[in-house]
>>> print(open('final_3.pdb').read())   # PDB, C-alpha atoms and all ligand atoms
MODEL        1
ATOM      1  CA  MET A   1     -83.587   7.072 109.840
ATOM      2  CA  ALA A   2     -80.481   5.160 109.702
ATOM      3  CA  THR A   3     -81.852   2.994 106.903
ATOM      4  CA  SER A   4     -82.937   5.966 104.853
ATOM      5  CA  GLU A   5     -79.445   7.524 105.227
ATOM      6  CA  THR A   6     -77.906   4.313 104.066
ATOM      7  CA  SER A   7     -80.127   4.197 100.968
ATOM      8  CA  GLU A   8     -79.315   7.773 100.231
ATOM      9  CA  ASN A   9     -75.604   7.043 100.469
ATOM     10  CA  LYS A  10     -75.954   4.097  98.153
ATOM     11  CA  ALA A  11     -77.834   6.216  95.647
ATOM     12  CA  LYS A  12     -75.095   8.868  95.784
ATOM     13  CA  GLN A  13     -72.430   6.204  95.266
ATOM     14  CA  THR A  14     -74.278   4.826  92.235
ATOM     15  CA  CYS A  15     -74.515   8.336  90.822
ATOM     16  CA  ASN A  16     -70.765   8.812  91.322
ATOM     17  CA  GLU A  17     -69.998   5.547  89.609
ATOM     18  CA  LEU A  18     -72.158   6.565  86.628
ATOM     19  CA  GLU A  19     -70.275   9.855  86.417
ATOM     20  CA  ILE A  20     -66.971   7.936  86.369
ATOM     21  CA  GLN A  21     -68.304   5.735  83.535
ATOM     22  CA  GLU A  22     -69.257   8.832  81.583
ATOM     23  CA  ASP A  23     -65.656  10.171  81.977
ATOM     24  CA  PHE A  24     -64.227   6.837  80.696
ATOM     25  CA  THR A  25     -66.230   6.985  77.469
ATOM     26  CA  THR A  26     -65.122  10.555  76.724
ATOM     27  CA  ASP A  27     -61.373  10.372  77.756
ATOM     28  CA  ILE A  28     -60.131   6.714  77.523
ATOM     29  CA  HIS A  29     -61.918   5.548  74.325
ATOM     30  CA  PRO A  30     -60.181   8.035  71.928
ATOM     31  CA  LEU A  31     -56.812   6.848  73.225
ATOM     32  CA  TYR A  32     -57.686   3.302  72.296
ATOM     33  CA  SER A  33     -58.777   4.448  68.863
ATOM     34  CA  ARG A  34     -55.435   6.211  68.314
ATOM     35  CA  ILE A  35     -53.595   3.145  69.518
ATOM     36  CA  ASP A  36     -55.529   1.124  66.943
ATOM     37  CA  ARG A  37     -54.612   3.532  64.153
ATOM     38  CA  VAL A  38     -50.979   3.582  65.220
ATOM     39  CA  SER A  39     -50.991  -0.168  65.334
ATOM     40  CA  GLU A  40     -52.588  -0.325  61.895
ATOM     41  CA  THR A  41     -50.016   2.131  60.522
ATOM     42  CA  HIS A  42     -47.281   0.137  62.185
ATOM     43  CA  ASN A  43     -48.545  -3.010  60.531
ATOM     44  CA  THR A  44     -48.708  -1.304  57.160
ATOM     45  CA  LEU A  45     -45.185   0.057  57.587
ATOM     46  CA  THR A  46     -43.907  -3.325  58.690
ATOM     47  CA  LEU A  47     -45.490  -4.884  55.598
ATOM     48  CA  ASN A  48     -44.030  -2.177  53.330
ATOM     49  CA  SER A  49     -40.641  -2.513  54.972
ATOM     50  CA  SER A  50     -40.634  -6.227  54.409
ATOM     51  CA  ARG A  51     -41.706  -5.702  50.755
ATOM     52  CA  ILE A  52     -38.949  -3.101  50.293
ATOM     53  CA  SER A  53     -36.412  -5.427  51.920
ATOM     54  CA  SER A  54     -37.466  -8.206  49.606
ATOM     55  CA  GLN A  55     -37.273  -5.893  46.551
ATOM     56  CA  LEU A  56     -33.911  -4.579  47.708
ATOM     57  CA  ALA A  57     -32.594  -8.126  48.026
ATOM     58  CA  HIS A  58     -33.943  -8.906  44.552
ATOM     59  CA  LEU A  59     -32.361  -5.758  43.095
ATOM     60  CA  GLN A  60     -29.050  -6.505  44.823
ATOM     61  CA  SER A  61     -29.098  -9.998  43.413
ATOM     62  CA  GLU A  62     -29.898  -8.622  39.916
ATOM     63  CA  HIS A  63     -27.159  -6.005  40.301
ATOM     64  CA  SER A  64     -24.533  -8.566  41.216
ATOM     65  CA  SER A  65     -25.720 -10.824  38.393
ATOM     66  CA  LEU A  66     -25.516  -7.867  35.940
ATOM     67  CA  THR A  67     -22.078  -6.913  37.296
ATOM     68  CA  GLU A  68     -20.971 -10.491  36.674
ATOM     69  CA  SER A  69     -22.422 -10.426  33.156
ATOM     70  CA  ARG A  70     -20.742  -7.096  32.491
ATOM     71  CA  LYS A  71     -17.403  -8.541  33.633
ATOM     72  CA  THR A  72     -17.874 -11.556  31.365
ATOM     73  CA  LEU A  73     -18.844  -9.344  28.434
ATOM     74  CA  GLN A  74     -15.910  -7.010  29.091
ATOM     75  CA  ASN A  75     -13.545 -10.004  29.092
ATOM     76  CA  LYS A  76     -15.131 -11.233  25.888
ATOM     77  CA  LEU A  77     -14.800  -7.752  24.365
ATOM     78  CA  ASP A  78     -11.116  -7.601  25.395
ATOM     79  CA  GLU A  79     -10.508 -11.031  23.871
ATOM     80  CA  ASP A  80     -12.368 -10.098  20.668
ATOM     81  CA  THR A  81     -10.442  -6.803  20.434
ATOM     82  CA  LYS A  82      -7.184  -8.762  20.809
ATOM     83  CA  LYS A  83      -8.334 -11.193  18.118
ATOM     84  CA  ILE A  84      -9.316  -8.329  15.783
ATOM     85  CA  THR A  85      -5.941  -6.616  16.319
ATOM     86  CA  SER A  86      -4.137  -9.881  15.642
ATOM     87  CA  LEU A  87      -6.287 -10.538  12.543
ATOM     88  CA  GLN A  88      -5.615  -6.984  11.346
ATOM     89  CA  GLN A  89      -1.870  -7.570  11.776
ATOM     90  CA  ASN A  90      -2.171 -10.875   9.894
ATOM     91  CA  LEU A  91      -4.114  -9.128   7.161
ATOM     92  CA  ASN A  92      -1.424  -6.435   6.869
ATOM     93  CA  THR A  93       1.309  -9.088   6.745
ATOM     94  CA  MET A  94      -0.635 -11.069   4.131
ATOM     95  CA  THR A  95      -1.302  -7.947   2.061
ATOM     96  CA  LYS A  96       2.393  -7.055   2.156
ATOM     97  CA  LEU A  97       3.294 -10.650   1.262
ATOM     98  CA  LYS A  98       0.805 -10.578  -1.595
ATOM     99  CA  ASN A  99       2.268  -7.307  -2.899
ATOM    100  CA  ASP A 100       5.814  -8.672  -2.567
ATOM    101  CA  LEU A 101       4.824 -11.852  -4.388
ATOM    102  CA  SER A 102       3.055  -9.878  -7.063
ATOM    103  CA  SER A 103       6.125  -7.689  -7.551
ATOM    104  CA  GLN A 104       8.386 -10.779  -7.553
ATOM    105  CA  ASN A 105       6.062 -12.359 -10.085
ATOM    106  CA  GLN A 106       6.359  -9.287 -12.306
ATOM    107  CA  ASN A 107      10.155  -9.372 -12.028
ATOM    108  CA  LEU A 108      10.199 -13.081 -12.805
ATOM    109  CA  GLN A 109       7.922 -12.550 -15.800
ATOM    110  CA  GLN A 110      10.273  -9.826 -17.023
ATOM    111  CA  GLU A 111      13.297 -12.055 -16.420
ATOM    112  CA  LYS A 112      11.516 -14.886 -18.226
ATOM    113  CA  ARG A 113      10.837 -12.667 -21.250
ATOM    114  CA  LYS A 114      14.489 -11.584 -21.265
ATOM    115  CA  LEU A 115      15.693 -15.184 -21.022
ATOM    116  CA  GLN A 116      13.295 -16.284 -23.747
ATOM    117  CA  SER A 117      14.539 -13.473 -25.939
ATOM    118  CA  GLN A 118      18.136 -14.472 -25.175
ATOM    119  CA  ILE A 119      17.362 -18.118 -25.961
ATOM    120  CA  SER A 120      15.782 -17.151 -29.246
ATOM    121  CA  ASN A 121      18.742 -14.878 -29.981
ATOM    122  CA  LEU A 122      21.119 -17.724 -29.242
ATOM    123  CA  GLU A 123      19.100 -20.109 -31.384
ATOM    124  CA  ASP A 124      18.880 -17.569 -34.201
ATOM    125  CA  ASN A 125      22.547 -16.649 -33.852
ATOM    126  CA  CYS A 126      23.659 -20.268 -33.866
ATOM    127  CA  GLY A 127      26.577 -19.064 -31.817
ATOM    128  CA  ARG A 128      27.642 -16.482 -34.436
ATOM    129  CA  CYS A 129      27.308 -13.596 -31.988
ATOM    130  CA  LEU A 130      28.389 -13.328 -28.381
ATOM    131  CA  PRO A 131      25.798 -14.277 -25.758
ATOM    132  CA  ASN A 132      23.239 -11.455 -25.302
ATOM    133  CA  TRP A 133      24.110  -9.995 -28.694
ATOM    134  CA  VAL A 134      21.476  -9.804 -31.426
ATOM    135  CA  LEU A 135      22.089 -10.929 -35.002
ATOM    136  CA  MET A 136      20.682  -8.944 -37.905
ATOM    137  CA  ASN A 137      21.876  -9.049 -41.516
ATOM    138  CA  ASN A 138      25.281 -10.513 -40.684
ATOM    139  CA  THR A 139      25.854  -7.919 -37.973
ATOM    140  CA  CYS A 140      25.887  -8.579 -34.257
ATOM    141  CA  TYR A 141      24.441  -5.823 -32.070
ATOM    142  CA  TYR A 142      24.798  -5.322 -28.350
ATOM    143  CA  PHE A 143      22.191  -3.245 -26.558
ATOM    144  CA  ALA A 144      23.327  -2.258 -23.046
ATOM    145  CA  VAL A 145      19.788  -2.564 -21.715
ATOM    146  CA  SER A 146      20.425  -4.471 -18.510
ATOM    147  CA  ASP A 147      19.734  -2.532 -15.296
ATOM    148  CA  ALA A 148      23.000  -4.001 -14.005
ATOM    149  CA  VAL A 149      24.894  -2.000 -16.657
ATOM    150  CA  LEU A 150      25.544   1.572 -15.540
ATOM    151  CA  ARG A 151      25.192   4.530 -17.889
ATOM    152  CA  LYS A 152      28.445   5.974 -19.197
ATOM    153  CA  SER A 153      29.798   8.848 -21.243
ATOM    154  CA  TRP A 154      30.015   8.450 -25.024
ATOM    155  CA  ALA A 155      33.778   7.639 -24.854
ATOM    156  CA  ALA A 156      33.381   5.135 -21.978
ATOM    157  CA  GLY A 157      30.473   3.430 -23.795
ATOM    158  CA  ARG A 158      32.641   3.155 -26.900
ATOM    159  CA  GLN A 159      35.420   1.573 -24.784
ATOM    160  CA  GLU A 160      32.958  -1.128 -23.658
ATOM    161  CA  CYS A 161      32.243  -1.942 -27.303
ATOM    162  CA  LYS A 162      35.939  -2.117 -28.096
ATOM    163  CA  LYS A 163      36.512  -4.607 -25.253
ATOM    164  CA  ASN A 164      34.434  -7.009 -27.349
ATOM    165  CA  GLY A 165      36.074  -6.193 -30.661
ATOM    166  CA  ALA A 166      33.134  -3.996 -31.673
ATOM    167  CA  ASP A 167      32.423  -0.262 -31.979
ATOM    168  CA  LEU A 168      29.485   2.040 -31.383
ATOM    169  CA  LEU A 169      26.498   1.629 -33.710
ATOM    170  CA  VAL A 170      26.560   3.114 -37.207
ATOM    171  CA  ILE A 171      23.170   3.281 -38.926
ATOM    172  CA  ASN A 172      23.360   2.868 -42.687
ATOM    173  CA  THR A 173      19.729   2.391 -43.722
ATOM    174  CA  LYS A 174      16.184   3.270 -42.777
ATOM    175  CA  GLU A 175      15.530  -0.456 -42.150
ATOM    176  CA  GLU A 176      18.469  -0.627 -39.760
ATOM    177  CA  GLN A 177      17.123   2.466 -37.924
ATOM    178  CA  GLU A 178      13.688   0.797 -37.568
ATOM    179  CA  PHE A 179      15.276  -2.464 -36.446
ATOM    180  CA  ILE A 180      17.325  -0.638 -33.778
ATOM    181  CA  VAL A 181      14.368   1.287 -32.307
ATOM    182  CA  ASP A 182      12.037  -1.748 -32.456
ATOM    183  CA  THR A 183      14.637  -3.935 -30.749
ATOM    184  CA  LEU A 184      15.221  -1.270 -28.110
ATOM    185  CA  LYS A 185      11.524  -1.114 -27.385
ATOM    186  CA  THR A 186      11.277  -4.926 -27.288
ATOM    187  CA  LEU A 187      14.244  -5.308 -24.988
ATOM    188  CA  ARG A 188      13.336  -2.481 -22.670
ATOM    189  CA  TYR A 189       9.684  -3.620 -22.417
ATOM    190  CA  ASN A 190       7.877  -0.936 -20.461
ATOM    191  CA  LEU A 191      10.638   1.615 -20.759
ATOM    192  CA  ARG A 192       9.052   5.016 -21.310
ATOM    193  CA  PHE A 193      10.658   7.737 -23.300
ATOM    194  CA  HIS A 194      13.013   9.891 -21.261
ATOM    195  CA  TYR A 195      16.240  11.716 -22.059
ATOM    196  CA  THR A 196      18.092   9.447 -19.600
ATOM    197  CA  ASN A 197      16.936   6.395 -21.577
ATOM    198  CA  GLY A 198      19.090   7.128 -24.624
ATOM    199  CA  PHE A 199      21.741   4.872 -26.213
ATOM    200  CA  TRP A 200      24.952   6.291 -27.614
ATOM    201  CA  MET A 201      25.626   5.734 -31.329
ATOM    202  CA  GLY A 202      28.883   6.268 -33.239
ATOM    203  CA  LEU A 203      27.810   9.721 -34.475
ATOM    204  CA  LYS A 204      29.385  13.088 -33.503
ATOM    205  CA  ASP A 205      29.734  16.676 -34.701
ATOM    206  CA  ASP A 206      32.645  17.613 -32.426
ATOM    207  CA  HIS A 207      34.925  18.708 -35.299
ATOM    208  CA  THR A 208      32.510  21.040 -37.004
ATOM    209  CA  GLU A 209      29.311  22.045 -35.276
ATOM    210  CA  GLY A 210      26.362  20.862 -37.376
ATOM    211  CA  THR A 211      28.390  18.424 -39.474
ATOM    212  CA  TRP A 212      27.560  15.005 -38.165
ATOM    213  CA  LYS A 213      30.019  12.225 -38.887
ATOM    214  CA  TRP A 214      29.768   8.490 -38.287
ATOM    215  CA  LEU A 215      32.673   6.643 -36.686
ATOM    216  CA  ASN A 216      33.498   5.054 -40.064
ATOM    217  CA  GLY A 217      34.286   8.564 -41.339
ATOM    218  CA  THR A 218      31.167   8.987 -43.515
ATOM    219  CA  ASN A 219      28.986  12.054 -43.243
ATOM    220  CA  MET A 220      25.500  11.539 -41.915
ATOM    221  CA  THR A 221      23.026  11.965 -44.767
ATOM    222  CA  ALA A 222      19.688  10.700 -43.452
ATOM    223  CA  GLY A 223      19.108  11.709 -39.860
ATOM    224  CA  TYR A 224      16.274  10.302 -37.736
ATOM    225  CA  TRP A 225      16.161  13.161 -35.253
ATOM    226  CA  MET A 226      13.367  13.929 -32.848
ATOM    227  CA  PRO A 227      11.476  17.135 -33.683
ATOM    228  CA  GLY A 228      13.642  20.164 -32.816
ATOM    229  CA  GLU A 229      16.864  18.097 -32.719
ATOM    230  CA  PRO A 230      19.774  18.356 -33.046
ATOM    231  CA  ASN A 231      19.776  21.640 -31.165
ATOM    232  CA  ASP A 232      23.249  21.694 -29.567
ATOM    233  CA  ASP A 233      21.568  22.599 -26.281
ATOM    234  CA  ASN A 234      23.751  25.070 -24.278
ATOM    235  CA  ALA A 235      26.260  24.803 -27.143
ATOM    236  CA  ALA A 236      27.445  21.597 -25.488
ATOM    237  CA  GLU A 237      25.880  18.689 -27.408
ATOM    238  CA  ASP A 238      28.233  16.978 -29.843
ATOM    239  CA  CYS A 239      27.293  13.310 -29.495
ATOM    240  CA  ALA A 240      24.191  11.546 -30.833
ATOM    241  CA  ALA A 241      22.023   8.998 -29.082
ATOM    242  CA  VAL A 242      19.042   6.930 -30.153
ATOM    243  CA  TYR A 243      15.975   6.534 -27.904
ATOM    244  CA  PRO A 244      13.071   4.029 -27.664
ATOM    245  CA  ALA A 245      10.810   6.724 -29.145
ATOM    246  CA  ALA A 246       7.218   6.132 -30.255
ATOM    247  CA  HIS A 247       8.112   6.996 -33.838
ATOM    248  CA  PRO A 248      11.169   4.929 -34.941
ATOM    249  CA  LEU A 249      12.178   7.480 -37.589
ATOM    250  CA  ARG A 250      12.135  10.376 -35.049
ATOM    251  CA  ALA A 251      14.308   8.895 -32.378
ATOM    252  CA  TRP A 252      17.678  10.710 -32.215
ATOM    253  CA  ASN A 253      18.867  13.509 -29.973
ATOM    254  CA  ASP A 254      22.192  15.263 -29.559
ATOM    255  CA  ALA A 255      23.450  15.356 -25.961
ATOM    256  CA  PRO A 256      26.681  16.337 -24.152
ATOM    257  CA  CYS A 257      29.289  13.614 -24.832
ATOM    258  CA  SER A 258      30.006  13.425 -21.080
ATOM    259  CA  TYR A 259      26.336  12.750 -20.265
ATOM    260  CA  PRO A 260      25.787   9.235 -18.839
ATOM    261  CA  LEU A 261      23.697   7.070 -21.192
ATOM    262  CA  LYS A 262      23.517   3.418 -22.284
ATOM    263  CA  TRP A 263      25.042   2.476 -25.646
ATOM    264  CA  ILE A 264      24.693   0.138 -28.637
ATOM    265  CA  CYS A 265      27.676  -1.729 -30.110
ATOM    266  CA  GLU A 266      27.881  -3.448 -33.472
ATOM    267  CA  LYS A 267      30.282  -5.861 -35.045
ATOM    268  CA  GLU A 268      30.334  -7.752 -38.318
ATOM    269  CA  VAL A 269      29.641 -11.481 -37.957
ATOM    270  CA  ASP A 270      32.819 -13.483 -37.802
ATOM    271  CA  ILE A 271      32.688 -15.512 -41.024
ATOM    272  CA  THR A 272      35.109 -18.120 -39.653
ATOM    273  CA  PRO A 273      33.078 -21.373 -39.645
ATOM    274  CA  HIS A 274      31.653 -22.037 -36.237
ATOM    275  CA  ASN A 275      32.855 -25.348 -34.825
ATOM    276  CA  PRO A 276      31.277 -26.102 -31.481
ATOM    277  CA  GLN A 277      33.022 -28.827 -29.458
TER
HETATM  278  O1  LIG A 301      14.089  19.825 -24.838
HETATM  279  C1  LIG A 301      14.971  19.124 -25.602
HETATM  280  C2  LIG A 301      16.266  18.929 -24.812
HETATM  281  O2  LIG A 301      15.965  18.193 -23.667
HETATM  282  C3  LIG A 301      17.064  17.866 -22.828
HETATM  283  O3  LIG A 301      17.588  19.021 -22.203
HETATM  284  C4  LIG A 301      16.726  19.593 -21.275
HETATM  285  C5  LIG A 301      18.161  17.178 -23.586
HETATM  286  N1  LIG A 301      19.326  16.991 -22.734
HETATM  287  C6  LIG A 301      19.912  15.783 -22.626
HETATM  288  O4  LIG A 301      19.526  14.812 -23.206
HETATM  289  C7  LIG A 301      21.089  15.725 -21.713
HETATM  290  C8  LIG A 301      18.537  17.983 -24.800
HETATM  291  O5  LIG A 301      19.495  17.325 -25.581
HETATM  292  C9  LIG A 301      17.290  18.194 -25.643
HETATM  293  O6  LIG A 301      17.609  18.913 -26.818
HETATM  294 CA    CA A 302      19.678  17.963 -28.037
ENDMDL
END
>>> encode(input="final_3.pdb", output="structure tokens")
Amino acid sequence: MATSETSENKAKQTCNELEIQEDFTTDIHPLYSRIDRVSETHNTLTLNSSRISSQLAHLQSEHSSLTESRKTLQNKLDEDTKKITSLQQNLNTMTKLKNDLSSQNQNLQQEKRKLQSQISNLEDNCGRCLPNWVLMNNTCYYFAVSDAVLRKSWAAGRQECKKNGADLLVINTKEEQEFIVDTLKTLRYNLRFHYTNGFWMGLKDDHTEGTWKWLNGTNMTAGYWMPGEPNDDNAAEDCAAVYPAAHPLRAWNDAPCSYPLKWICEKEVDITPHNPQ
């Protein structure tokens, strides 16, 4: 009996153990499976994290390299901008210099033409006229063309002529009129026509309006007036002036005697033999 009880107990114990094993497969095994999945996920995340870290390091390195490049380029840009500004300033200076030189060149060319004309006058005059005076048919003429000579009234212009033993211009012939206007135009080069660019002559109508008399007392017969002149503008124009007009035979105007203009003097050639030392 005792033996059979023992066998029965053993069988019961075996049954209990089997029941425990059955519980293990249903409760413990899923936990292990979850642990595996978590572990797998952990591994994946670790791998990703290390990849991201590596990419981040790469990007940081690229960023600092690009920042460095940007700094270098910015410095280069600043330097180039400075150079461009300096070149622009140089260009402006050079352009101004070029313009100044060009204007100086023009002035020198003009001066050269004047000097050449004076030399040829001197050569032609053979010393018979004063320097800067022009000889024509035994008469010396002075044209106050120089910019250094200020415009004056008719009376003051006449005084200047008298200082040199001359008087204001008297025109006796058509040829003399043409010579005067041509010479004016030659001497004044690019001088355009303007009422301020007139030259007083020795011709007035201050005694009787409309009766024009030369300084030598003769009445004017042939007049080379511009169209519409003389018009005694404002009833105040009693002195005559000649202008570098396009048409040499239409070149006179009457103007107020007090108006400031240039003037032309004339003087007979001194027939005393010239005896240079
Ligand atoms: O229009 C002709 C007129 O022009 C000028 O006056 C506006 C002249 N004046 C001087 O030369 C001072 C006039 O003489 C001339 O008739
Ligand atoms: Ca007039």
>>> closest_residue(input="final_3.pdb", among="A:Ala241, A:Leu31, A:Ala255, A:Leu73", to="ligand CA 302 (chain A)", atoms="all atoms listed in the file")
A:Ala255
>>> atom_distance(input="final_3.pdb", atom1="atom CA of His194 of chain A", atom2="atom CA of Ala222 of chain A")
23.2 Å
>>> atom_distance(input="final_3.pdb", atom1="atom O3 of ligand LIG 301 (chain A)", atom2="atom CA of Asn234 of chain A")
8.9 Å
>>> residues_around(input="final_3.pdb", residues="Asp233 of chain A", least_positions_apart="3", cutoff="12 Å", atoms="all atoms listed in the file", output="list in words")
Glu209, Gly228, Glu229, Pro230, Ala236, Glu237, Asp238, Cys239, Asn253, Asp254, Ala255, Pro256 and Cys257 of chain A
>>> write_last_selection(input="final_3.pdb", atoms="C-alpha atoms", output="tab-separated table (two decimals), in the coordinates of the input")
chain	number	residue	atom	x	y	z
A	209	GLU	CA	29.31	22.04	-35.28
A	228	GLY	CA	13.64	20.16	-32.82
A	229	GLU	CA	16.86	18.10	-32.72
A	230	PRO	CA	19.77	18.36	-33.05
A	236	ALA	CA	27.44	21.60	-25.49
A	237	GLU	CA	25.88	18.69	-27.41
A	238	ASP	CA	28.23	16.98	-29.84
A	239	CYS	CA	27.29	13.31	-29.50
A	253	ASN	CA	18.87	13.51	-29.97
A	254	ASP	CA	22.19	15.26	-29.56
A	255	ALA	CA	23.45	15.36	-25.96
A	256	PRO	CA	26.68	16.34	-24.15
A	257	CYS	CA	29.29	13.61	-24.83
>>> atom_distance(input="final_3.pdb", atom1="atom CA of Thr85 of chain A", atom2="atom CA of Asn105 of chain A")
29.6 Å
>>> closest_residue(input="final_3.pdb", among="A:Leu97, A:Val242, A:Cys129, A:Val149", to="ligand LIG 301 (chain A)", atoms="only C-alpha atoms and all ligand atoms")
A:Val242
